[in-house]
file entry-v2.txt (compact mmCIF, C-alpha atoms)
# COMPACT_ATOMS: atom_id res chain seq x y z
CA MET H 24 120.58 107.70 131.78
CA THR H 25 117.10 107.10 130.36
CA GLN H 26 116.42 103.50 129.44
CA THR H 27 114.81 103.06 126.01
CA LYS H 28 111.53 101.18 126.17
CA LYS H 29 111.20 98.07 124.03
CA ASP H 30 108.76 97.98 121.13
CA ILE H 31 106.05 95.61 122.34
CA ARG H 32 105.47 94.26 118.84
CA ALA H 33 108.92 92.67 118.91
CA LEU H 34 107.49 90.17 121.44
CA THR H 35 105.88 86.90 120.41
CA LYS H 36 102.51 85.92 121.84
CA ASP H 37 104.23 83.47 124.21
CA GLU H 38 106.59 86.20 125.40
CA LEU H 39 103.64 88.49 126.05
CA ARG H 40 101.87 85.76 128.02
CA SER H 41 105.03 85.19 130.08
CA PHE H 42 105.36 88.92 130.72
CA PHE H 43 101.89 89.07 132.26
CA VAL H 44 102.53 85.98 134.38
CA ASP H 45 105.74 87.62 135.66
CA GLN H 46 103.63 90.67 136.59
CA GLY H 47 101.32 88.46 138.65
CA ASP H 48 98.54 88.63 136.06
CA LYS H 49 96.80 85.92 134.02
CA ALA H 50 98.52 84.59 130.87
CA PHE H 51 95.40 85.19 128.72
CA ARG H 52 95.99 88.93 129.13
CA GLY H 53 98.88 88.48 126.70
CA ASN H 54 96.43 87.06 124.15
CA GLN H 55 94.22 90.14 124.51
CA VAL H 56 97.12 92.54 124.01
CA TYR H 57 98.43 90.51 121.04
CA GLU H 58 95.02 90.77 119.38
CA TRP H 59 94.95 94.54 119.91
CA LEU H 60 98.45 94.90 118.47
CA TRP H 61 97.97 92.84 115.32
CA GLN H 62 94.34 92.11 114.43
CA LYS H 63 93.09 95.52 115.59
CA SER H 64 96.29 97.44 114.78
CA ALA H 65 96.18 99.55 117.97
CA HIS H 66 98.49 102.57 117.80
CA SER H 67 98.48 103.26 121.53
CA PHE H 68 97.79 101.39 124.76
CA ASP H 69 94.84 103.73 125.40
CA ASP H 70 93.15 102.19 122.34
CA MET H 71 92.97 98.84 124.15
CA THR H 72 89.59 99.53 125.70
CA SER H 73 88.86 95.95 126.83
CA ILE H 74 91.88 96.09 129.16
CA SER H 75 91.83 97.90 132.52
CA LYS H 76 93.27 101.39 132.76
CA GLN H 77 95.80 100.17 135.34
CA THR H 78 97.08 97.45 132.98
CA ARG H 79 97.29 99.91 130.09
CA GLN H 80 99.37 102.25 132.25
CA MET H 81 101.66 99.37 133.22
CA LEU H 82 102.17 98.55 129.52
CA ASP H 83 102.89 102.22 128.78
CA ASP H 84 105.48 102.26 131.56
CA ASN H 85 107.31 99.28 130.04
CA PHE H 86 106.82 99.44 126.27
CA VAL H 87 106.20 101.57 123.18
CA ILE H 88 104.29 100.85 119.97
CA ASN H 89 106.50 102.15 117.15
CA HIS H 90 103.73 102.44 114.57
CA ILE H 91 104.17 104.17 111.22
CA LYS H 92 102.49 107.44 110.26
CA VAL H 93 101.31 108.29 106.74
CA ASP H 94 103.11 111.63 106.41
CA SER H 95 101.51 112.55 103.10
CA MET H 96 99.19 110.87 100.63
CA GLN H 97 99.00 111.62 96.90
CA ARG H 98 96.18 110.49 94.64
CA SER H 99 96.75 109.93 90.93
CA SER H 100 94.24 110.71 88.19
CA ASP H 101 93.97 106.91 87.62
CA GLY H 102 93.06 106.19 91.26
CA THR H 103 96.54 105.12 92.38
CA ILE H 104 97.52 106.33 95.85
CA LYS H 105 101.10 106.90 97.04
CA ASN H 106 101.90 107.12 100.75
CA ALA H 107 105.00 108.73 102.19
CA VAL H 108 105.35 106.69 105.36
CA ARG H 109 107.25 108.13 108.33
CA LEU H 110 108.92 105.56 110.56
CA HIS H 111 109.45 105.94 114.30
CA ASP H 112 113.02 107.21 113.78
CA GLY H 113 111.95 109.86 111.25
CA LEU H 114 113.06 107.99 108.12
CA ILE H 115 110.64 107.84 105.18
CA VAL H 116 109.63 105.03 102.82
CA GLU H 117 106.91 104.94 100.19
CA SER H 118 104.11 102.49 99.51
CA VAL H 119 101.46 102.45 96.80
CA LEU H 120 97.83 101.36 96.38
CA ILE H 121 97.17 100.21 92.81
CA PRO H 122 93.48 99.77 91.93
CA THR H 123 91.95 97.92 88.97
CA LYS H 124 88.35 96.96 88.26
CA THR H 125 88.77 93.59 89.96
CA ARG H 126 91.39 94.11 92.70
CA THR H 127 93.37 96.52 94.81
CA THR H 128 97.06 95.80 95.27
CA ALA H 129 99.47 97.12 97.90
CA CYS H 130 103.02 97.70 96.69
CA VAL H 131 105.11 97.79 99.88
CA SER H 132 108.70 98.66 100.75
CA SER H 133 111.11 96.40 102.65
CA GLN H 134 114.16 98.67 103.10
CA VAL H 135 114.85 102.39 103.55
CA GLY H 136 116.69 102.93 100.28
CA CYS H 137 118.15 99.88 98.53
CA SER H 138 121.19 97.61 98.78
CA LEU H 139 121.46 97.15 95.01
CA ASP H 140 122.50 99.43 92.17
CA CYS H 141 120.07 99.08 89.25
CA LYS H 142 120.80 102.08 87.01
CA PHE H 143 117.20 102.54 85.84
CA CYS H 144 115.62 102.69 89.31
CA ALA H 145 115.21 105.88 91.36
CA THR H 146 115.28 103.97 94.67
CA ALA H 147 118.76 102.62 93.84
CA ARG H 148 120.06 106.20 93.97
CA LEU H 149 119.18 106.37 97.65
CA LYS H 150 121.68 105.09 100.17
CA ARG H 151 120.36 102.04 102.05
CA MET H 152 119.75 103.32 105.56
CA ARG H 153 118.33 100.21 107.20
CA ASN H 154 115.99 97.25 106.89
CA LEU H 155 112.35 97.65 107.83
CA ASN H 156 111.09 95.76 110.86
CA PRO H 157 108.24 93.25 110.40
CA ASP H 158 105.72 95.61 112.05
CA GLU H 159 106.75 98.49 109.73
CA ILE H 160 106.04 96.31 106.70
CA TYR H 161 102.78 95.11 108.26
CA ASP H 162 101.68 98.69 109.03
CA GLN H 163 102.08 99.71 105.36
CA VAL H 164 99.60 96.97 104.43
CA VAL H 165 97.15 98.01 107.18
CA ALA H 166 97.26 101.65 105.99
CA ILE H 167 96.64 100.68 102.35
CA ASP H 168 93.82 98.32 103.34
CA LYS H 169 92.08 101.26 105.07
CA GLU H 170 92.57 103.45 101.98
CA SER H 171 91.26 100.68 99.73
CA LYS H 172 88.06 100.48 101.80
CA LEU H 173 87.72 104.26 101.99
CA TYR H 174 88.42 105.20 98.35
CA HIS H 175 87.54 102.00 96.46
CA ASN H 176 84.87 100.42 98.69
CA ARG H 177 86.62 97.08 98.97
CA PRO H 178 89.35 95.55 101.12
CA LEU H 179 92.86 95.05 99.86
CA SER H 180 93.10 91.90 97.73
CA ASN H 181 96.80 91.54 96.81
CA ILE H 182 100.28 92.50 98.02
CA VAL H 183 103.49 92.86 96.03
CA PHE H 184 106.91 93.42 97.56
CA MET H 185 108.00 95.70 94.73
CA GLY H 186 108.46 98.96 96.62
CA MET H 187 111.72 100.36 97.96
CA GLY H 188 114.46 97.85 98.72
CA GLU H 189 115.44 94.28 97.86
CA PRO H 190 113.17 91.99 99.93
CA LEU H 191 115.62 89.08 99.96
CA MET H 192 118.25 91.35 101.57
CA ASN H 193 115.80 91.68 104.48
CA TYR H 194 114.64 88.08 104.32
CA ASN H 195 113.88 87.29 107.98
CA ASN H 196 111.85 90.45 108.59
CA VAL H 197 109.93 90.05 105.31
CA LEU H 198 109.03 86.47 106.26
CA LYS H 199 107.92 87.55 109.74
CA ALA H 200 105.77 90.31 108.24
CA ILE H 201 104.16 87.88 105.76
CA ASP H 202 103.53 85.45 108.60
CA LYS H 203 101.61 88.18 110.47
CA ILE H 204 99.78 89.31 107.31
CA THR H 205 98.60 85.77 106.52
CA SER H 206 97.89 84.65 110.09
CA PRO H 207 94.25 84.48 111.28
CA GLU H 208 95.59 86.44 114.27
CA GLY H 209 96.78 89.17 111.88
CA LEU H 210 95.14 90.17 108.58
CA GLY H 211 94.26 86.63 107.49
CA MET H 212 95.24 87.17 103.83
CA SER H 213 96.05 84.21 101.61
CA PRO H 214 99.78 83.80 100.86
CA LYS H 215 98.77 83.04 97.26
CA ARG H 216 97.82 86.71 96.95
CA ILE H 217 101.34 87.85 97.89
CA VAL H 218 104.23 88.22 95.43
CA VAL H 219 107.82 88.81 96.55
CA SER H 220 109.85 90.36 93.76
CA THR H 221 113.63 90.01 93.77
CA SER H 222 116.37 91.30 91.50
CA GLY H 223 117.91 87.86 91.95
CA VAL H 224 119.86 86.73 95.01
CA PRO H 225 120.49 83.04 94.23
CA LYS H 226 121.24 81.67 97.71
CA MET H 227 118.15 83.41 99.15
CA ILE H 228 115.92 82.02 96.39
CA LYS H 229 117.15 78.55 97.35
CA LYS H 230 116.50 79.34 101.02
CA MET H 231 112.92 80.34 100.18
CA ALA H 232 112.45 76.99 98.47
CA ASP H 233 113.90 75.15 101.48
CA ASP H 234 111.63 77.15 103.81
CA GLU H 235 108.63 76.02 101.72
CA VAL H 236 107.15 79.50 101.49
CA LYS H 237 103.60 79.71 100.14
CA PHE H 238 103.77 83.12 98.46
CA LYS H 239 104.65 83.68 94.78
CA LEU H 240 108.02 84.63 93.34
CA ALA H 241 108.78 87.28 90.73
CA VAL H 242 112.21 88.07 89.30
CA SER H 243 113.16 91.52 88.06
CA LEU H 244 115.15 90.22 85.08
CA HIS H 245 115.31 92.82 82.23
CA SER H 246 117.91 90.86 80.29
CA ALA H 247 118.93 87.22 79.92
CA ARG H 248 122.33 88.20 78.52
CA ASP H 249 125.05 88.68 81.15
CA SER H 250 126.81 91.57 79.40
CA VAL H 251 123.59 93.54 79.02
CA ARG H 252 122.25 92.73 82.48
CA THR H 253 125.52 93.69 84.18
CA SER H 254 125.56 97.02 82.33
CA ILE H 255 122.15 97.99 83.75
CA MET H 256 122.19 95.95 86.99
CA PRO H 257 125.89 95.90 88.07
CA PHE H 258 125.32 93.43 90.93
CA ASN H 259 124.76 90.83 88.16
CA ALA H 260 128.58 90.54 88.08
CA THR H 261 128.33 89.04 91.59
CA PHE H 262 125.13 87.06 90.97
CA PRO H 263 125.42 86.08 87.26
CA LEU H 264 122.58 84.63 85.25
CA ALA H 265 123.91 81.05 85.45
CA ASP H 266 123.69 81.18 89.27
CA LEU H 267 120.25 82.80 89.11
CA ARG H 268 119.00 80.16 86.67
CA GLU H 269 120.32 77.36 88.87
CA ALA H 270 118.56 78.86 91.92
CA LEU H 271 115.29 79.21 89.99
CA GLU H 272 115.53 75.60 88.78
CA TYR H 273 115.96 74.58 92.43
CA TRP H 274 112.95 76.75 93.38
CA TYR H 275 110.76 75.11 90.76
CA THR H 276 111.92 71.56 91.58
CA LYS H 277 111.09 72.11 95.27
CA THR H 278 107.86 74.15 94.97
CA LYS H 279 106.42 73.37 91.51
CA ASN H 280 105.37 77.04 91.48
CA PRO H 281 105.66 78.94 88.19
CA ILE H 282 107.94 81.98 87.98
CA THR H 283 107.03 85.49 86.91
CA TYR H 284 109.68 87.62 85.21
CA GLU H 285 109.42 91.42 85.34
CA TYR H 286 110.97 92.84 82.20
CA VAL H 287 111.35 96.36 80.79
CA VAL H 288 112.35 96.75 77.13
CA TRP H 289 114.55 99.79 76.48
CA GLN H 290 115.54 101.39 73.21
CA GLY H 291 119.03 100.35 72.15
CA ILE H 292 119.63 98.21 75.24
CA ASN H 293 117.56 95.02 75.03
CA ASP H 294 115.25 95.56 72.04
CA LYS H 295 116.84 93.17 69.53
CA LYS H 296 115.94 89.66 68.42
CA GLU H 297 118.95 88.15 70.23
CA ASP H 298 117.59 89.62 73.48
CA VAL H 299 114.27 87.83 73.01
CA ASP H 300 116.04 84.59 72.01
CA ALA H 301 118.09 84.73 75.22
CA LEU H 302 114.97 85.37 77.31
CA ILE H 303 113.13 82.42 75.74
CA LYS H 304 116.11 80.13 76.37
CA PHE H 305 116.33 81.34 79.99
CA CYS H 306 112.61 80.78 80.66
CA LYS H 307 112.23 77.35 79.10
CA PHE H 308 113.09 75.18 82.13
CA ALA H 309 109.83 75.88 84.03
CA PRO H 310 106.31 77.25 83.52
CA SER H 311 106.72 81.00 83.51
CA LYS H 312 105.09 84.29 82.73
CA VAL H 313 106.78 87.42 81.42
CA ASN H 314 105.38 90.81 82.41
CA LEU H 315 106.58 93.41 79.92
CA ILE H 316 106.51 96.62 81.96
CA GLU H 317 106.22 100.12 80.59
CA TYR H 318 109.31 102.15 81.52
CA ASN H 319 108.92 105.13 83.83
CA PRO H 320 111.61 107.80 83.39
CA ILE H 321 113.66 108.97 86.40
CA ASP H 322 114.88 112.37 85.18
CA ASP H 323 117.67 111.40 82.79
CA GLY H 324 117.81 110.28 79.20
CA ASP H 325 119.97 107.17 79.54
CA PHE H 326 116.94 104.87 79.41
CA LYS H 327 114.14 105.28 76.87
CA GLN H 328 111.05 103.12 76.43
CA ALA H 329 111.40 100.85 73.38
CA ASP H 330 109.05 101.44 70.47
CA ASN H 331 105.90 99.38 69.88
CA GLU H 332 107.64 97.36 67.17
CA ALA H 333 110.13 95.96 69.72
CA ILE H 334 107.37 95.23 72.26
CA ASN H 335 105.32 93.44 69.60
CA MET H 336 108.39 91.37 68.63
CA TYR H 337 108.77 90.25 72.26
CA VAL H 338 105.08 89.36 72.50
CA SER H 339 104.92 87.39 69.25
CA MET H 340 108.16 85.46 69.85
CA LEU H 341 107.28 84.59 73.45
CA GLU H 342 103.77 83.45 72.47
CA ARG H 343 105.19 81.39 69.62
CA ASN H 344 107.30 79.60 72.23
CA ARG H 345 104.27 79.09 74.48
CA ILE H 346 105.49 81.45 77.19
CA THR H 347 102.71 83.50 78.75
CA VAL H 348 103.29 87.21 78.25
CA THR H 349 101.41 90.33 79.34
CA VAL H 350 102.09 93.98 78.60
CA ARG H 351 101.62 95.93 81.81
CA ARG H 352 100.81 99.62 81.61
CA SER H 353 102.10 101.68 84.50
CA ARG H 354 99.81 103.32 87.04
CA GLY H 355 100.40 106.46 89.08
CA LYS H 356 103.05 108.00 86.80
CA ASP H 357 101.75 111.54 87.44
CA ILE H 358 102.65 111.21 91.15
CA ASP H 359 105.94 109.28 90.67
CA ALA H 360 104.28 106.14 92.03
CA ALA H 361 105.01 103.81 89.13
CA CYS H 362 107.59 101.00 88.99
CA GLY H 363 111.11 102.27 89.59
CA GLN H 364 110.02 105.80 90.58
CA LEU H 365 109.89 105.52 94.39
CA ALA H 366 112.51 107.93 95.70
CA ASN H 367 110.88 109.94 98.51
CA LYS H 368 110.12 112.89 96.26
CA SER H 369 106.62 113.38 97.73
call {"tool": "encode", "arguments": {"input": "entry-v2.txt", "output": "structure tokens"}}
result
Amino acid sequence: MTQTKKDIRALTKDELRSFFVDQGDKAFRGNQVYEWLWQKSAHSFDDMTSISKQTRQMLDDNFVINHIKVDSMQRSSDGTIKNAVRLHDGLIVESVLIPTKTRTTACVSSQVGCSLDCKFCATARLKRMRNLNPDEIYDQVVAIDKESKLYHNRPLSNIVFMGMGEPLMNYNNVLKAIDKITSPEGLGMSPKRIVVSTSGVPKMIKKMADDEVKFKLAVSLHSARDSVRTSIMPFNATFPLADLREALEYWYTKTKNPITYEYVVWQGINDKKEDVDALIKFCKFAPSKVNLIEYNPIDDGDFKQADNEAINMYVSMLERNRITVTVRRSRGKDIDAACGQLANKS
């Protein structure tokens, strides 16, 4: 029976150092390999040109590097790029590069499919196959950074965990990936330029606060009324708004970091004054910002973008209550790369 080789990127630096000592080599060799794996994003042991051929062969005999492959890349008329990313086991996820005049943002996936059941999201229609490993999340960022430099002449500036999957349902791997992304031994990005967006898993929001994470938090809210939210996001019956609010209060008490709410306004669903009143009441406990997001259809007529009158009502009422609000226009709609559209259709 053939023994499956271990992915070398599952090893810590200390474990790599110990491996080389066990092989009768110097511990610093582990540092060299670690640098090739993370800072230089080597895809094969042959790429590690500062290491002897004999050592590279020994590594190849013992390990694999399960790197991702960009299977296909689509470019939108607005400059957005969508990658269909093939994982080592053949499964596909999608990630997106979103450019503006001042920044380029990577929207990355954390799961193959999704654990939750939001009715307006294409990804929710896919069965959750598995969580992504830290290196698979990291590789998405590396690929988008290269595309940012190639097509927009600047390195990647921001990362949002708003792709496929619920990041807090893959908490440990997401944290490990962010640790690598922000480490000087990895990509060296500031955690303040990273946003993790959750549909709202209260106990995990509290855990993030206890873990004293440095990245920013966004909540995909869409309604502050339980009956409405449960009708469009059925898991709200398990994690109701009162529990979410309590977790967010805990987050703010521990971190003093403001909260961003992602919010789509749909015709006939959450476009009335009582919806805005409920949102204002929900937001009041801490400094917050509401991003009103343009809706991106996913092939059926159950959800329709609210008219400008409803959007303007949200904006004026939120501003009157001194809650920061922005209206965010979607990017990459012509290639199904906009919010809620990621469903492996590329």
call {"tool": "residues_near_point", "arguments": {"input": "entry-v2.txt", "point": "(104.4, 85.1, 90.2)", "cutoff": "7 Å", "atoms": "only C-alpha atoms", "output": "ChimeraX atom specification"}}
result
/H:218,239-241,281-283
call {"tool": "residues_around", "arguments": {"input": "entry-v2.txt", "residues": "H:Leu120", "least_positions_apart": "5", "cutoff": "12 Å", "atoms": "all atoms listed in the file", "output": "JSON, numbers by chain"}}
result
{"H": [96, 97, 98, 99, 101, 102, 103, 104, 105, 106, 107, 126, 127, 128, 129, 130, 131, 163, 164, 165, 166, 167, 168, 169, 170, 171, 172, 173, 174, 175, 178, 179, 180, 181, 182, 183, 185, 186, 354, 355, 360, 361]}
call {"tool": "axis_aligned_box", "arguments": {"input": "entry-v2.txt", "around": "stretch 33-37 of chain H", "padding_each_side": "4 Å", "output": "JSON"}}
result
{"center_x": 105.7, "center_y": 88.1, "center_z": 121.6, "size_x": 14.4, "size_y": 17.2, "size_z": 13.3}
call {"tool": "closest_residue", "arguments": {"input": "entry-v2.txt", "among": "H:Met71, H:Leu149, H:Val348, H:Leu60", "to": "H:Gly209", "atoms": "only C-alpha atoms"}}
result
H:Leu60
call {"tool": "residues_around", "arguments": {"input": "entry-v2.txt", "residues": "H:Asn314", "least_positions_apart": "4", "cutoff": "12 Å", "atoms": "only C-alpha atoms", "output": "ChimeraX atom specification"}}
result
/H:241-245,282-288,334,337-338,341,346-353
call {"tool": "closest_residue", "arguments": {"input": "entry-v2.txt", "among": "H:Arg148, H:Lys124, H:Lys142, H:His111", "to": "H:Arg252", "atoms": "only C-alpha atoms"}}
result
H:Lys142
call {"tool": "closest_residue", "arguments": {"input": "entry-v2.txt", "among": "H:Asp69, H:Asp325, H:Glu208, H:Glu58", "to": "H:Ile255", "atoms": "all atoms listed in the file"}}
result
H:Asp325
call {"tool": "atom_distance", "arguments": {"input": "entry-v2.txt", "atom1": "atom CA of H:Met340", "atom2": "atom CA of H:Gln328"}}
result
19.1 Å
call {"tool": "atom_distance", "arguments": {"input": "entry-v2.txt", "atom1": "atom CA of H:Tyr194", "atom2": "atom CA of H:Glu235"}}
result
13.7 Å
call {"tool": "atom_distance", "arguments": {"input": "entry-v2.txt", "atom1": "atom CA of H:Phe258", "atom2": "atom CA of H:Cys137"}}
result
12.3 Å
call {"tool": "closest_atom_pairs", "arguments": {"input": "entry-v2.txt", "of": "stretch 80-134 of chain H", "to": "stretch 152-157 of chain H", "cutoff": "12 Å", "atoms": "only C-alpha atoms", "output": "JSON lines"}}
result
{"residue": "H:Asn89", "atom": "CA", "partner": "H:Asn156", "partner_atom": "CA", "distance": 10.1}
{"residue": "H:His90", "atom": "CA", "partner": "H:Asn156", "partner_atom": "CA", "distance": 10.6}
{"residue": "H:Ile91", "atom": "CA", "partner": "H:Asn156", "partner_atom": "CA", "distance": 10.9}
{"residue": "H:Val108", "atom": "CA", "partner": "H:Leu155", "partner_atom": "CA", "distance": 11.7}
{"residue": "H:Arg109", "atom": "CA", "partner": "H:Leu155", "partner_atom": "CA", "distance": 11.7}
{"residue": "H:Leu110", "atom": "CA", "partner": "H:Leu155", "partner_atom": "CA", "distance": 9.0}
{"residue": "H:His111", "atom": "CA", "partner": "H:Asn156", "partner_atom": "CA", "distance": 10.9}
{"residue": "H:Asp112", "atom": "CA", "partner": "H:Arg153", "partner_atom": "CA", "distance": 11.0}
{"residue": "H:Gly113", "atom": "CA", "partner": "H:Met152", "partner_atom": "CA", "distance": 11.7}
{"residue": "H:Leu114", "atom": "CA", "partner": "H:Met152", "partner_atom": "CA", "distance": 8.6}
{"residue": "H:Ile115", "atom": "CA", "partner": "H:Met152", "partner_atom": "CA", "distance": 10.2}
{"residue": "H:Val116", "atom": "CA", "partner": "H:Leu155", "partner_atom": "CA", "distance": 9.3}
{"residue": "H:Glu117", "atom": "CA", "partner": "H:Leu155", "partner_atom": "CA", "distance": 11.9}
{"residue": "H:Val131", "atom": "CA", "partner": "H:Leu155", "partner_atom": "CA", "distance": 10.8}
{"residue": "H:Ser132", "atom": "CA", "partner": "H:Leu155", "partner_atom": "CA", "distance": 8.0}
{"residue": "H:Ser133", "atom": "CA", "partner": "H:Leu155", "partner_atom": "CA", "distance": 5.5}
{"residue": "H:Gln134", "atom": "CA", "partner": "H:Asn154", "partner_atom": "CA", "distance": 4.4}
call {"tool": "residues_around", "arguments": {"input": "entry-v2.txt", "residues": "H:Arg52", "least_positions_apart": "5", "cutoff": "9 Å", "atoms": "only C-alpha atoms", "output": "number ranges by chain"}}
result
H: 39-40, 43-44, 57, 74
call {"tool": "residues_around", "arguments": {"input": "entry-v2.txt", "residues": "stretch 260-276 of chain H", "least_positions_apart": "3", "cutoff": "10 Å", "atoms": "all atoms listed in the file", "output": "number ranges by chain"}}
result
H: 222-233, 235, 240, 242, 244, 246-250, 252-254, 256-257, 279-282, 305-306, 308-310
call {"tool": "closest_residue", "arguments": {"input": "entry-v2.txt", "among": "H:Cys144, H:Phe68, H:Lys36, H:Met187", "to": "H:Val119", "atoms": "only C-alpha atoms"}}
result
H:Met187
call {"tool": "closest_residue", "arguments": {"input": "entry-v2.txt", "among": "H:Tyr318, H:Thr27, H:Asp94, H:Ile88", "to": "H:Val56", "atoms": "only C-alpha atoms"}}
result
H:Ile88
call {"tool": "residues_around", "arguments": {"input": "entry-v2.txt", "residues": "H:Asp37", "least_positions_apart": "4", "cutoff": "10 Å", "atoms": "all atoms listed in the file", "output": "list of chain:residue names"}}
result
H:Ser41, H:Phe42, H:Ala50, H:Gly53, H:Asn54, H:Tyr57
